[in-house]
file my_file11.cif (mmCIF, C-alpha atoms)
data_model
#
loop_
_atom_site.group_PDB
_atom_site.id
_atom_site.type_symbol
_atom_site.label_atom_id
_atom_site.label_comp_id
_atom_site.auth_asym_id
_atom_site.auth_seq_id
_atom_site.Cartn_x
_atom_site.Cartn_y
_atom_site.Cartn_z
ATOM 1 C CA MET A 11 3.562 9.310 3.814
ATOM 2 C CA LEU A 12 4.148 5.833 2.429
ATOM 3 C CA GLN A 13 6.528 3.111 3.545
ATOM 4 C CA LEU A 14 7.107 -0.479 2.468
ATOM 5 C CA THR A 15 9.220 -2.721 4.688
ATOM 6 C CA GLN A 16 10.416 -6.121 3.427
ATOM 7 C CA VAL A 17 7.311 -6.506 1.258
ATOM 8 C CA SER A 18 7.030 -9.742 -0.726
ATOM 9 C CA LYS A 19 4.291 -11.046 -3.008
ATOM 10 C CA HIS A 20 4.115 -14.414 -4.753
ATOM 11 C CA TYR A 21 1.686 -16.024 -7.175
ATOM 12 C CA THR A 22 1.210 -19.667 -8.079
ATOM 13 C CA GLU A 23 0.941 -20.362 -11.807
ATOM 14 C CA GLY A 24 0.206 -24.010 -12.450
ATOM 15 C CA HIS A 25 2.776 -25.846 -10.349
ATOM 16 C CA GLN A 26 5.202 -22.966 -10.261
ATOM 17 C CA ARG A 27 5.561 -20.246 -7.653
ATOM 18 C CA ARG A 28 6.425 -16.856 -9.125
ATOM 19 C CA THR A 29 7.924 -14.104 -7.004
ATOM 20 C CA VAL A 30 6.625 -10.693 -8.098
ATOM 21 C CA LEU A 31 8.002 -8.604 -5.217
ATOM 22 C CA ASP A 32 10.922 -9.822 -3.127
ATOM 23 C CA LYS A 33 11.532 -8.133 0.242
ATOM 24 C CA VAL A 34 11.012 -4.633 -1.121
ATOM 25 C CA ASP A 35 11.896 -1.603 1.004
ATOM 26 C CA ALA A 36 10.752 1.825 -0.211
ATOM 27 C CA ARG A 37 9.566 5.168 1.084
ATOM 28 C CA VAL A 38 7.651 8.102 -0.412
ATOM 29 C CA GLN A 39 7.454 11.523 1.223
ATOM 30 C CA ALA A 40 4.228 13.538 1.301
ATOM 31 C CA GLY A 41 3.831 15.636 -1.840
ATOM 32 C CA GLU A 42 6.165 13.526 -3.987
ATOM 33 C CA ILE A 43 5.455 12.165 -7.455
ATOM 34 C CA VAL A 44 6.859 8.678 -8.045
ATOM 35 C CA ALA A 45 6.794 6.829 -11.370
ATOM 36 C CA LEU A 46 6.777 3.016 -11.495
ATOM 37 C CA VAL A 47 8.424 1.669 -14.633
ATOM 38 C CA GLY A 48 9.416 -1.800 -15.814
ATOM 39 C CA ARG A 49 8.604 -4.414 -18.372
ATOM 40 C CA SER A 50 5.171 -6.024 -18.571
ATOM 41 C CA GLY A 51 4.732 -8.529 -15.747
ATOM 42 C CA SER A 52 7.390 -6.940 -13.546
ATOM 43 C CA GLY A 53 4.938 -6.271 -10.709
ATOM 44 C CA LYS A 54 3.913 -2.636 -11.259
ATOM 45 C CA SER A 55 0.169 -3.237 -11.039
ATOM 46 C CA THR A 56 0.685 -5.643 -8.139
ATOM 47 C CA LEU A 57 2.505 -2.942 -6.206
ATOM 48 C CA LEU A 58 -0.231 -0.415 -6.998
ATOM 49 C CA ASN A 59 -2.860 -2.854 -5.710
ATOM 50 C CA LEU A 60 -0.898 -3.359 -2.502
ATOM 51 C CA LEU A 61 -0.621 0.392 -1.916
ATOM 52 C CA ALA A 62 -4.390 0.704 -2.405
ATOM 53 C CA GLY A 63 -5.155 -2.139 -0.022
ATOM 54 C CA ILE A 64 -6.853 -4.098 -2.811
ATOM 55 C CA ASP A 65 -4.398 -6.922 -2.164
ATOM 56 C CA ARG A 66 -2.217 -7.919 0.770
ATOM 57 C CA PRO A 67 1.488 -8.777 0.781
ATOM 58 C CA ASP A 68 2.549 -12.307 1.708
ATOM 59 C CA THR A 69 5.155 -10.836 4.045
ATOM 60 C CA GLY A 70 6.226 -7.371 5.138
ATOM 61 C CA GLU A 71 4.532 -4.162 6.215
ATOM 62 C CA ILE A 72 2.826 -1.363 4.262
ATOM 63 C CA HIS A 73 2.151 1.964 5.943
ATOM 64 C CA VAL A 74 0.170 4.709 4.199
ATOM 65 C CA HIS A 75 -0.550 8.000 5.930
ATOM 66 C CA ALA A 76 0.500 6.506 9.303
ATOM 67 C CA ARG A 77 -1.873 3.549 8.872
ATOM 68 C CA ARG A 78 -0.754 -0.048 8.448
ATOM 69 C CA LEU A 79 -2.616 -1.646 5.535
ATOM 70 C CA ASP A 80 -1.413 -5.236 5.694
ATOM 71 C CA THR A 81 -3.092 -5.904 9.079
ATOM 72 C CA MET A 82 -6.454 -4.313 8.207
ATOM 73 C CA SER A 83 -9.590 -6.352 7.611
ATOM 74 C CA GLU A 84 -11.187 -6.287 4.160
ATOM 75 C CA ARG A 85 -13.828 -3.825 5.359
ATOM 76 C CA GLU A 86 -11.196 -1.556 6.906
ATOM 77 C CA ARG A 87 -9.224 -1.553 3.677
ATOM 78 C CA THR A 88 -12.377 -0.733 1.685
ATOM 79 C CA LEU A 89 -13.094 2.266 3.911
ATOM 80 C CA PHE A 90 -9.443 3.285 3.721
ATOM 81 C CA ARG A 91 -9.585 3.319 -0.088
ATOM 82 C CA ARG A 92 -12.829 5.276 -0.084
ATOM 83 C CA ARG A 93 -11.416 8.008 2.165
ATOM 84 C CA GLU A 94 -7.674 8.112 1.563
ATOM 85 C CA VAL A 95 -7.022 6.962 -2.013
ATOM 86 C CA GLY A 96 -7.871 8.402 -5.427
ATOM 87 C CA PHE A 97 -7.520 6.376 -8.650
ATOM 88 C CA VAL A 98 -6.806 7.505 -12.196
ATOM 89 C CA TYR A 99 -7.198 4.699 -14.730
ATOM 90 C CA GLN A 100 -6.019 4.221 -18.310
ATOM 91 C CA PHE A 101 -9.570 3.592 -19.526
ATOM 92 C CA PHE A 102 -11.159 6.394 -17.454
ATOM 93 C CA ASN A 103 -13.785 4.154 -15.752
ATOM 94 C CA LEU A 104 -16.411 6.886 -15.719
ATOM 95 C CA ILE A 105 -19.970 5.736 -15.026
ATOM 96 C CA PRO A 106 -21.782 6.102 -18.369
ATOM 97 C CA THR A 107 -25.235 6.768 -16.871
ATOM 98 C CA LEU A 108 -24.001 9.692 -14.747
ATOM 99 C CA THR A 109 -23.230 13.185 -15.985
ATOM 100 C CA VAL A 110 -19.752 14.670 -15.714
ATOM 101 C CA ALA A 111 -20.767 16.547 -12.552
ATOM 102 C CA GLU A 112 -22.339 13.436 -11.033
ATOM 103 C CA ASN A 113 -19.221 11.359 -11.760
ATOM 104 C CA VAL A 114 -17.010 13.907 -10.008
ATOM 105 C CA ALA A 115 -19.423 14.220 -7.079
ATOM 106 C CA LEU A 116 -19.715 10.466 -6.482
ATOM 107 C CA PRO A 117 -16.615 9.971 -4.263
ATOM 108 C CA MET A 118 -17.727 12.876 -2.087
ATOM 109 C CA GLU A 119 -21.243 11.500 -1.816
ATOM 110 C CA LEU A 120 -19.846 8.123 -0.711
ATOM 111 C CA ASN A 121 -17.866 9.926 1.991
ATOM 112 C CA GLY A 122 -20.851 11.858 3.287
ATOM 113 C CA VAL A 123 -19.960 15.325 1.987
ATOM 114 C CA GLY A 124 -23.012 17.591 2.005
ATOM 115 C CA SER A 125 -24.744 18.525 -1.243
ATOM 116 C CA ARG A 126 -23.820 22.219 -1.100
ATOM 117 C CA GLU A 127 -20.129 21.509 -0.535
ATOM 118 C CA ARG A 128 -20.214 18.808 -3.224
ATOM 119 C CA GLY A 129 -21.646 21.246 -5.742
ATOM 120 C CA GLU A 130 -19.080 23.936 -4.956
ATOM 121 C CA ARG A 131 -16.171 21.513 -5.147
ATOM 122 C CA VAL A 132 -17.402 19.952 -8.404
ATOM 123 C CA LYS A 133 -17.659 23.387 -10.011
ATOM 124 C CA HIS A 134 -14.202 24.376 -8.785
ATOM 125 C CA LEU A 135 -12.552 21.165 -10.021
ATOM 126 C CA LEU A 136 -14.223 21.194 -13.419
ATOM 127 C CA ASP A 137 -13.266 24.842 -13.882
ATOM 128 C CA LEU A 138 -9.643 23.911 -13.083
ATOM 129 C CA VAL A 139 -9.594 21.520 -16.045
ATOM 130 C CA GLU A 140 -11.666 23.818 -18.292
ATOM 131 C CA LEU A 141 -14.699 21.539 -18.342
ATOM 132 C CA GLY A 142 -17.212 23.572 -16.363
ATOM 133 C CA HIS A 143 -19.279 23.994 -19.525
ATOM 134 C CA ARG A 144 -19.534 20.191 -19.915
ATOM 135 C CA SER A 145 -20.824 19.455 -16.419
ATOM 136 C CA GLN A 146 -24.168 18.103 -17.671
ATOM 137 C CA ALA A 147 -22.705 16.055 -20.515
ATOM 138 C CA PHE A 148 -22.443 12.274 -20.343
ATOM 139 C CA PRO A 149 -19.086 10.479 -20.733
ATOM 140 C CA ASP A 150 -19.832 9.183 -24.242
ATOM 141 C CA GLU A 151 -20.286 12.789 -25.387
ATOM 142 C CA LEU A 152 -16.691 13.656 -24.432
ATOM 143 C CA SER A 153 -13.383 13.144 -26.207
ATOM 144 C CA GLY A 154 -10.788 10.822 -24.699
ATOM 145 C CA GLY A 155 -8.803 13.748 -23.321
ATOM 146 C CA GLU A 156 -11.913 15.282 -21.780
ATOM 147 C CA GLN A 157 -12.852 11.979 -20.169
ATOM 148 C CA GLN A 158 -9.376 11.664 -18.662
ATOM 149 C CA ARG A 159 -9.580 15.194 -17.263
ATOM 150 C CA VAL A 160 -12.880 14.275 -15.611
ATOM 151 C CA ALA A 161 -11.312 11.084 -14.262
ATOM 152 C CA MET A 162 -8.421 13.061 -12.769
ATOM 153 C CA VAL A 163 -10.584 15.551 -10.868
ATOM 154 C CA ARG A 164 -12.930 12.776 -9.769
ATOM 155 C CA ALA A 165 -9.891 11.069 -8.198
ATOM 156 C CA MET A 166 -9.117 14.268 -6.275
ATOM 157 C CA ALA A 167 -12.677 15.256 -5.376
ATOM 158 C CA HIS A 168 -12.714 13.684 -1.905
ATOM 159 C CA GLU A 169 -9.248 15.149 -1.148
ATOM 160 C CA PRO A 170 -7.381 11.843 -0.735
ATOM 161 C CA ALA A 171 -3.921 11.697 0.796
ATOM 162 C CA LEU A 172 -2.673 9.343 -1.934
ATOM 163 C CA LEU A 173 -3.288 9.325 -5.680
ATOM 164 C CA LEU A 174 -2.617 6.174 -7.688
ATOM 165 C CA ALA A 175 -2.524 6.258 -11.487
ATOM 166 C CA ASP A 176 -2.300 3.255 -13.814
ATOM 167 C CA GLU A 177 -1.075 4.279 -17.288
ATOM 168 C CA PRO A 178 -3.157 7.491 -17.244
ATOM 169 C CA THR A 179 -2.084 8.493 -20.767
ATOM 170 C CA GLY A 180 -1.887 5.004 -22.268
ATOM 171 C CA ASN A 181 -5.187 5.333 -24.132
ATOM 172 C CA LEU A 182 -4.552 8.820 -25.528
ATOM 173 C CA ASP A 183 -2.784 10.203 -28.582
ATOM 174 C CA ALA A 184 0.612 11.848 -28.023
ATOM 175 C CA GLU A 185 -0.602 15.450 -28.131
ATOM 176 C CA THR A 186 -3.525 14.854 -25.759
ATOM 177 C CA GLY A 187 -1.320 12.722 -23.524
ATOM 178 C CA ALA A 188 1.229 15.529 -23.204
ATOM 179 C CA ARG A 189 -1.506 17.933 -22.110
ATOM 180 C CA ILE A 190 -2.824 15.430 -19.566
ATOM 181 C CA ILE A 191 0.692 14.907 -18.168
ATOM 182 C CA SER A 192 1.171 18.633 -17.646
ATOM 183 C CA LEU A 193 -2.273 19.041 -16.126
ATOM 184 C CA LEU A 194 -1.872 16.077 -13.758
ATOM 185 C CA ARG A 195 1.483 17.409 -12.553
ATOM 186 C CA ASP A 196 0.031 20.874 -11.914
ATOM 187 C CA LEU A 197 -3.032 19.534 -10.083
ATOM 188 C CA VAL A 198 -0.924 17.280 -7.863
ATOM 189 C CA ARG A 199 1.524 20.068 -7.018
ATOM 190 C CA ASP A 200 -1.150 22.708 -6.428
ATOM 191 C CA GLN A 201 -3.220 20.458 -4.160
ATOM 192 C CA GLY A 202 -0.260 18.926 -2.310
ATOM 193 C CA ARG A 203 -1.114 15.349 -3.219
ATOM 194 C CA THR A 204 1.215 12.355 -3.234
ATOM 195 C CA LEU A 205 1.138 10.523 -6.567
ATOM 196 C CA VAL A 206 2.393 7.052 -7.453
ATOM 197 C CA MET A 207 1.866 6.201 -11.115
ATOM 198 C CA VAL A 208 2.532 3.215 -13.337
ATOM 199 C CA THR A 209 3.727 4.296 -16.757
ATOM 200 C CA HIS A 210 5.608 3.245 -19.886
ATOM 201 C CA SER A 211 5.813 6.863 -21.007
ATOM 202 C CA GLN A 212 9.155 8.627 -20.733
ATOM 203 C CA GLU A 213 7.274 11.929 -20.707
ATOM 204 C CA MET A 214 5.246 10.853 -17.684
ATOM 205 C CA ALA A 215 8.302 9.540 -15.864
ATOM 206 C CA ALA A 216 10.032 12.873 -16.481
ATOM 207 C CA ILE A 217 7.567 14.778 -14.251
ATOM 208 C CA ALA A 218 8.277 12.489 -11.290
ATOM 209 C CA ASP A 219 10.544 13.371 -8.392
ATOM 210 C CA ARG A 220 11.741 9.778 -8.394
ATOM 211 C CA VAL A 221 11.478 6.790 -10.690
ATOM 212 C CA TRP A 222 11.197 3.256 -9.342
ATOM 213 C CA THR A 223 12.282 0.594 -11.823
ATOM 214 C CA LEU A 224 10.813 -2.826 -11.010
ATOM 215 C CA SER A 225 12.820 -5.831 -12.160
ATOM 216 C CA GLU A 226 13.039 -9.408 -10.854
ATOM 217 C CA GLY A 227 11.080 -8.533 -7.734
ATOM 218 C CA HIS A 228 13.210 -5.562 -6.708
ATOM 219 C CA ILE A 229 12.985 -1.773 -6.919
ATOM 220 C CA THR A 230 15.844 0.329 -8.225
ATOM 221 C CA PRO A 231 15.176 4.007 -7.356
ATOM 222 C CA THR A 232 16.367 6.960 -9.421
ATOM 223 C CA ASP A 233 16.191 10.538 -8.165
ATOM 224 C CA ASN A 234 14.738 12.843 -10.844
ATOM 225 C CA THR A 235 15.094 16.087 -8.909
ATOM 226 C CA PRO A 236 17.762 18.569 -10.063
#
call {"tool": "encode", "arguments": {"input": "my_file11.cif", "output": "structure tokens"}}
result
Amino acid sequence: MLQLTQVSKHYTEGHQRRTVLDKVDARVQAGEIVALVGRSGSGKSTLLNLLAGIDRPDTGEIHVHARRLDTMSERERTLFRRREVGFVYQFFNLIPTLTVAENVALPMELNGVGSRERGERVKHLLDLVELGHRSQAFPDELSGGEQQRVAMVRAMAHEPALLLADEPTGNLDAETGARIISLLRDLVRDQGRTLVMVTHSQEMAAIADRVWTLSEGHITPTDNTP
């Protein structure tokens, strides 16, 4: 599903060159949940951006769903993200002028899914997260937990091969966060998605099949499966 081969990424800060990722090798199987953990500045968000094709590595190869990202043009990577990747953000990133249903439908509309199929899929997804009754509400009328549930099903609406999540419970209280963790795990498992998530939460890391700890440019993997 996902493979990194000798991937390196550097940034220049002032007159200094900082290595964020140093010849990283890693692989994720289809259907796995992987948690990225590490201190602030360790390269977690950088790695997420590379997997999404938002950024390119300085050296190495990145393959996602049998496609090589690091050699794609900017337009090719944009289309790849639109079709193959779903994002779940810490701050939800819902469009405030669109209703809940319109937010969830947007990725499908961008990918040319017909209106009838869009409507059926929106209803199904919102029912899965118990928000069918809020389909015509606007984001500012929802609680934080409700907004995150909308953000999760929006990320899955166009049936992407890869889900990427950046601190998806970081802006929620503990009780709501625990519910979101359980729901995200169930949605990913039920729909056969592959999930890579950045988190500082031990509870979130606990639902992963594997944990990648980023430190000094390297990944240390830990198998979470029994």
call {"tool": "resolve_selection", "arguments": {"input": "my_file11.cif", "expression": "the PyMOL selection byres ((chain A and resi 182-190) around 10)", "output": "ChimeraX atom specification"}}
result
/A:100-101,139,153-156,158-159,162,178-181,191-196,211,213-214
call {"tool": "residues_around", "arguments": {"input": "my_file11.cif", "residues": "range 33-36 of chain A", "least_positions_apart": "5", "cutoff": "8 Å", "atoms": "all atoms listed in the file", "output": "list in words"}}
result
Gln13, Leu14, Thr15, Gln16, Val17, Ser18, Thr69, Gly70, Gly227, His228 and Ile229 of chain A
call {"tool": "residues_around", "arguments": {"input": "my_file11.cif", "residues": "Lys54 in chain A", "least_positions_apart": "3", "cutoff": "12 Å", "atoms": "only C-alpha atoms", "output": "number ranges by chain"}}
result
A: 19, 30-31, 45-51, 57-61, 174-177, 206-210, 222-229
call {"tool": "atom_distance", "arguments": {"input": "my_file11.cif", "atom1": "CA of Gly53 in chain A", "atom2": "CA of Ala167 in chain A"}}
result
28.3 Å
call {"tool": "atom_distance", "arguments": {"input": "my_file11.cif", "atom1": "CA of Leu138 in chain A", "atom2": "CA of Val95 in chain A"}}
result
20.4 Å
call {"tool": "resolve_selection", "arguments": {"input": "my_file11.cif", "expression": "the PyMOL selection byres ((chain A and resi 112-116) around 8)", "output": "PyMOL selection string"}}
result
chain A and resi 104-105+108-111+117-120+128-129+132+160-161+163-165+167
call {"tool": "residues_around", "arguments": {"input": "my_file11.cif", "residues": "Val74 in chain A", "least_positions_apart": "6", "cutoff": "10 Å", "atoms": "all atoms listed in the file", "output": "list in words"}}
result
Met11, Leu12, Gln13, Leu14, Arg37, Val38, Leu61, Ala62, Gly63, Phe90, Glu94, Val95, Ala171 and Leu172 of chain A
call {"tool": "write_last_selection", "arguments": {"input": "my_file11.cif", "atoms": "C-alpha atoms", "output": "PDB file, in the coordinates of the input"}}
result
ATOM      1  CA  MET A  11       3.562   9.310   3.814  1.00  0.00           C
ATOM      2  CA  LEU A  12       4.148   5.833   2.429  1.00  0.00           C
ATOM      3  CA  GLN A  13       6.528   3.111   3.545  1.00  0.00           C
ATOM      4  CA  LEU A  14       7.107  -0.479   2.468  1.00  0.00           C
ATOM      5  CA  ARG A  37       9.566   5.168   1.084  1.00  0.00           C
ATOM      6  CA  VAL A  38       7.651   8.102  -0.412  1.00  0.00           C
ATOM      7  CA  LEU A  61      -0.621   0.392  -1.916  1.00  0.00           C
ATOM      8  CA  ALA A  62      -4.390   0.704  -2.405  1.00  0.00           C
ATOM      9  CA  GLY A  63      -5.155  -2.139  -0.022  1.00  0.00           C
ATOM     10  CA  PHE A  90      -9.443   3.285   3.721  1.00  0.00           C
ATOM     11  CA  GLU A  94      -7.674   8.112   1.563  1.00  0.00           C
ATOM     12  CA  VAL A  95      -7.022   6.962  -2.013  1.00  0.00           C
ATOM     13  CA  ALA A 171      -3.921  11.697   0.796  1.00  0.00           C
ATOM     14  CA  LEU A 172      -2.673   9.343  -1.934  1.00  0.00           C
TER      15      LEU A 172
END
